[in-house]
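Q: Before anything else, here's the structure in question.
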Amino acid sequence: MKQQSRITVFISYCHKDEAIAHLLAHILRGHKINCLIDRQMQAGQKFDSRLQGMIKDAGLILVLLTKAAAESAWVNQEIGFAKAHGKPIWPIGVESGIEPYGMLLTTQAYSLFDWSDPHHAIKRLVRALRNAATDEGSQYGNLGLDHVIEGKLERSRFIVAQLLRLAKVKTGKLEILCQAAFSIFAASDDPMYREAGGHSPEYVDLLLQEKQAYETVLKSRECVFKLMLWPVRAYEARYLAVRYASLLAWLEQQKDKPNIQFVCAQYPGPNRLIVPGECLIEGFKLHSHPGYEMTIVRYQDDQIRAAAEQFRQTFDRSVSSKDVVIQRIRELYEQTSKLTTNSSH
């Protein structure tokens, strides 16, 4: 029998929350989770090497998220030290109405638990920590976590891994809902795509891997794929043209497949990849810059359902024939192609 992987966690907390912090440590140890915790230092004490060593030894940092912690210089110092040493940080909400703040806004992952059912909250946290000790568990699984990904390279790697994992599951129906300005299907190996978009070879390769991963899922199992496009962006004309061309080619290939549906509609919210029952992946970017520099992955069932319902309402209102959608993209392509031609003279 394979031995259960273990992870060591460090609990960061404000001295006002000492009772719940040590209670949490006691509970986690009872579940065989290695737990490091120190008696909180008071003002004037030194942030010593012993405490630094505990943070360095931990594989993950839990921060008790309270009003007092938000105002604690020591907690913020521990967070800063942990971030400087590349430690993943999970804020744990123990008071209502407290959201990640300051340096916690861009942590690798965070989990906000509903303590109205403490047994369920602890069970979910233990499951998350045990999965975080494995290679796969740290990336995906219905853990009740929000996972923040910084950088477009890491985003693409994550999505590729998710899609390939889903492709391996041969049983059960799968629904994939995607709303994106162009979608990954506008990615191209045309040298102009890399040149005009300013993309590195590594990033283009990852985008093409992501495109192939979608194809793998759609071929490998029973899957319904719905795509909502709104490909209007303030990009350079030659970059737009090559993206429209690539997207058009893919749409033409898919238009006769009943399990693949697409519309052209201005959708609410950010770029989203929604897999009901699995995850919700949201991308955030500057309007005129290619790529998503920050991505939030949500695993909470209620958030996934809400996003899926919002998607379906917009999608259903916008349904038209696939030929109409293709014609719309073709017109945009022709417009940008003319701009490109005129600018070259």
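Ligands are numbered from 1 in the order shown, chains are lettered A, B, ... in the order of the structure tokens, and residues start at 1 in each chain.
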If we count only C-alpha atoms and set the cut-off at 10 Å, which residues sit around A:Glu78, ignoring sequence neighbours fewer than 2 positions away in its own chain? Please answer as JSON, numbers by chain.

A: {"A": [11, 12, 13, 47, 51, 52, 55, 61, 63, 73, 74, 75, 76, 80, 81, 82, 83, 84]}

Q: Those same residues - N, CA and C atoms - I'd like them written as a PDB file, in the first residue's frame.

A:
```pdb
ATOM      1  N   ILE A  11       1.369  27.744  11.068  1.00  0.00           N
ATOM      2  CA  ILE A  11       0.193  28.582  11.293  1.00  0.00           C
ATOM      3  C   ILE A  11       0.632  29.972  11.755  1.00  0.00           C
ATOM      4  N   SER A  12       0.259  30.977  10.972  1.00  0.00           N
ATOM      5  CA  SER A  12       0.545  32.365  11.309  1.00  0.00           C
ATOM      6  C   SER A  12      -0.742  32.998  11.828  1.00  0.00           C
ATOM      7  N   TYR A  13      -0.667  33.696  12.984  1.00  0.00           N
ATOM      8  CA  TYR A  13      -1.873  34.235  13.598  1.00  0.00           C
ATOM      9  C   TYR A  13      -1.525  35.422  14.488  1.00  0.00           C
ATOM     10  N   PHE A  47      12.008  39.182  15.549  1.00  0.00           N
ATOM     11  CA  PHE A  47      11.604  38.142  14.606  1.00  0.00           C
ATOM     12  C   PHE A  47      12.820  37.231  14.425  1.00  0.00           C
ATOM     13  N   LEU A  51      11.970  31.272  14.569  1.00  0.00           N
ATOM     14  CA  LEU A  51      10.702  31.427  13.874  1.00  0.00           C
ATOM     15  C   LEU A  51      10.906  31.381  12.356  1.00  0.00           C
ATOM     16  N   GLN A  52      11.976  32.020  11.892  1.00  0.00           N
ATOM     17  CA  GLN A  52      12.292  31.970  10.467  1.00  0.00           C
ATOM     18  C   GLN A  52      12.529  30.530  10.019  1.00  0.00           C
ATOM     19  N   ILE A  55       9.262  28.659   9.466  1.00  0.00           N
ATOM     20  CA  ILE A  55       8.632  29.013   8.188  1.00  0.00           C
ATOM     21  C   ILE A  55       9.367  28.346   7.031  1.00  0.00           C
ATOM     22  N   ILE A  61       1.965  27.638   4.310  1.00  0.00           N
ATOM     23  CA  ILE A  61       1.675  28.567   5.399  1.00  0.00           C
ATOM     24  C   ILE A  61       0.166  28.800   5.487  1.00  0.00           C
ATOM     25  N   VAL A  63      -2.589  31.160   7.200  1.00  0.00           N
ATOM     26  CA  VAL A  63      -2.741  32.446   7.885  1.00  0.00           C
ATOM     27  C   VAL A  63      -4.184  32.566   8.361  1.00  0.00           C
ATOM     28  N   ALA A  73       1.379  43.630  12.747  1.00  0.00           N
ATOM     29  CA  ALA A  73       2.681  43.774  12.081  1.00  0.00           C
ATOM     30  C   ALA A  73       3.398  42.430  12.014  1.00  0.00           C
ATOM     31  N   TRP A  74       3.248  41.591  13.056  1.00  0.00           N
ATOM     32  CA  TRP A  74       3.937  40.299  13.077  1.00  0.00           C
ATOM     33  C   TRP A  74       3.406  39.360  12.010  1.00  0.00           C
ATOM     34  N   VAL A  75       2.099  39.322  11.872  1.00  0.00           N
ATOM     35  CA  VAL A  75       1.517  38.448  10.843  1.00  0.00           C
ATOM     36  C   VAL A  75       1.982  38.883   9.462  1.00  0.00           C
ATOM     37  N   ASN A  76       1.973  40.183   9.219  1.00  0.00           N
ATOM     38  CA  ASN A  76       2.426  40.683   7.918  1.00  0.00           C
ATOM     39  C   ASN A  76       3.907  40.401   7.689  1.00  0.00           C
ATOM     40  N   GLY A  80       5.351  38.195   4.649  1.00  0.00           N
ATOM     41  CA  GLY A  80       6.412  38.691   3.775  1.00  0.00           C
ATOM     42  C   GLY A  80       7.597  37.758   3.721  1.00  0.00           C
ATOM     43  N   PHE A  81       7.990  37.210   4.883  1.00  0.00           N
ATOM     44  CA  PHE A  81       9.117  36.275   4.930  1.00  0.00           C
ATOM     45  C   PHE A  81       8.775  35.005   4.159  1.00  0.00           C
ATOM     46  N   ALA A  82       7.539  34.515   4.322  1.00  0.00           N
ATOM     47  CA  ALA A  82       7.113  33.302   3.617  1.00  0.00           C
ATOM     48  C   ALA A  82       7.088  33.518   2.110  1.00  0.00           C
ATOM     49  N   LYS A  83       6.565  34.667   1.669  1.00  0.00           N
ATOM     50  CA  LYS A  83       6.530  34.965   0.232  1.00  0.00           C
ATOM     51  C   LYS A  83       7.928  35.074  -0.339  1.00  0.00           C
ATOM     52  N   ALA A  84       8.834  35.676   0.428  1.00  0.00           N
ATOM     53  CA  ALA A  84      10.218  35.831  -0.034  1.00  0.00           C
ATOM     54  C   ALA A  84      10.902  34.483  -0.234  1.00  0.00           C
TER      55      ALA A  84
END
```

Q: I'd like the neighbourhood of stretch 319-336 of chain A as a VMD selection string, where a residue qualifies if any of its atoms comes within 6 Å (using only C-alpha atoms), though same-chain residues fewer than 6 positions away should be ignored.

A: chain A and resid 237 241 244 263 to 264

Q: Using atom CA of A:Tyr239 and atom CA of A:Phe284 as the two end points, give the distance in Å to one decimal.

A: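 Separation of atom CA of A:Tyr239 and atom CA of A:Phe284: 20.1 Å.
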
Q: Which residue out of A:Ile79, A:Leu36, A:Leu177, A:Val94 has the minimum interatomic distance to A:Lys67 when only C-alpha atoms are used?

A: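 For A:Lys67, the nearest of the candidates is A:Val94.
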
Q: Tell me which protein, DNA and RNA residues are within 9 Å of A:Ala249, counting only C-alpha atoms, leaving out same-chain ones fewer than 5 positions away, and put them as a short mmCIF file (atom, residue, chain, number, x, y, z; two decimals) with C-alpha atoms, in the first residue's frame.

A:
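Output file out_8.cif is given in full below:
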```
data_model
loop_
_atom_site.label_atom_id
_atom_site.label_comp_id
_atom_site.auth_asym_id
_atom_site.auth_seq_id
_atom_site.Cartn_x
_atom_site.Cartn_y
_atom_site.Cartn_z
CA PHE A 185 -8.29 28.35 -31.00
CA ALA A 186 -6.96 31.64 -32.35
CA TYR A 244 -8.89 35.86 -36.97
CA GLN A 254 -16.01 22.27 -36.20
#
```

Q: If we count only C-alpha atoms, what is near A:Glu215 at a cut-off of 10 Å, once residues fewer than 4 positions away on the same chain are taken out, given as number ranges by chain?

A: A: 163-164, 167, 185, 209-211, 219-220

Q: When you look at A:Gly198 with a cut-off of 12 Å (counting only C-alpha atoms), what residues show up, excluding the ones that are within fewer than 3 positions of it in the same chain? I need them as an NGL selection string.

A: :A and (191-195 or 201-204 or 235-236 or 238-239 or 289-291)

Q: What separation in Å, quoted to one decimal, exists between atom CA of A:Ile304 and atom CA of A:Leu280?

A: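 Straight-line distance from atom CA of A:Ile304 to atom CA of A:Leu280 works out to 5.6 Å.
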
Q: Which residues, written as a list in words, have at least one atom at most 12 Å from A:Ala21, with only C-alpha atoms counted and residues fewer than 6 positions away on the same chain left out?

A: Phe10, Ile11, Ser12, Tyr13, Cys14, His15, Ile27, Leu28, Cys35, Leu36, Ile37, Asp38, Arg39, Gln40, Leu62, Val63, Leu64, Leu65, Thr66, Ala69, Ile92, Gly93 and Val94 of chain A

Q: Which polymer residues have any atom within 10 Å of an atom of A:Leu218, counting only C-alpha atoms, with same-chain residues fewer than 4 positions away left out, as a ChimeraX atom specification?

A: /A:163,167,174,176,212-214,222-225,259-260

Q: Considering only C-alpha atoms, can you say which of A:Val297, A:Ala180, A:Ala121, A:Ile159 comes closest to A:Ala265?

A: A:Ala180
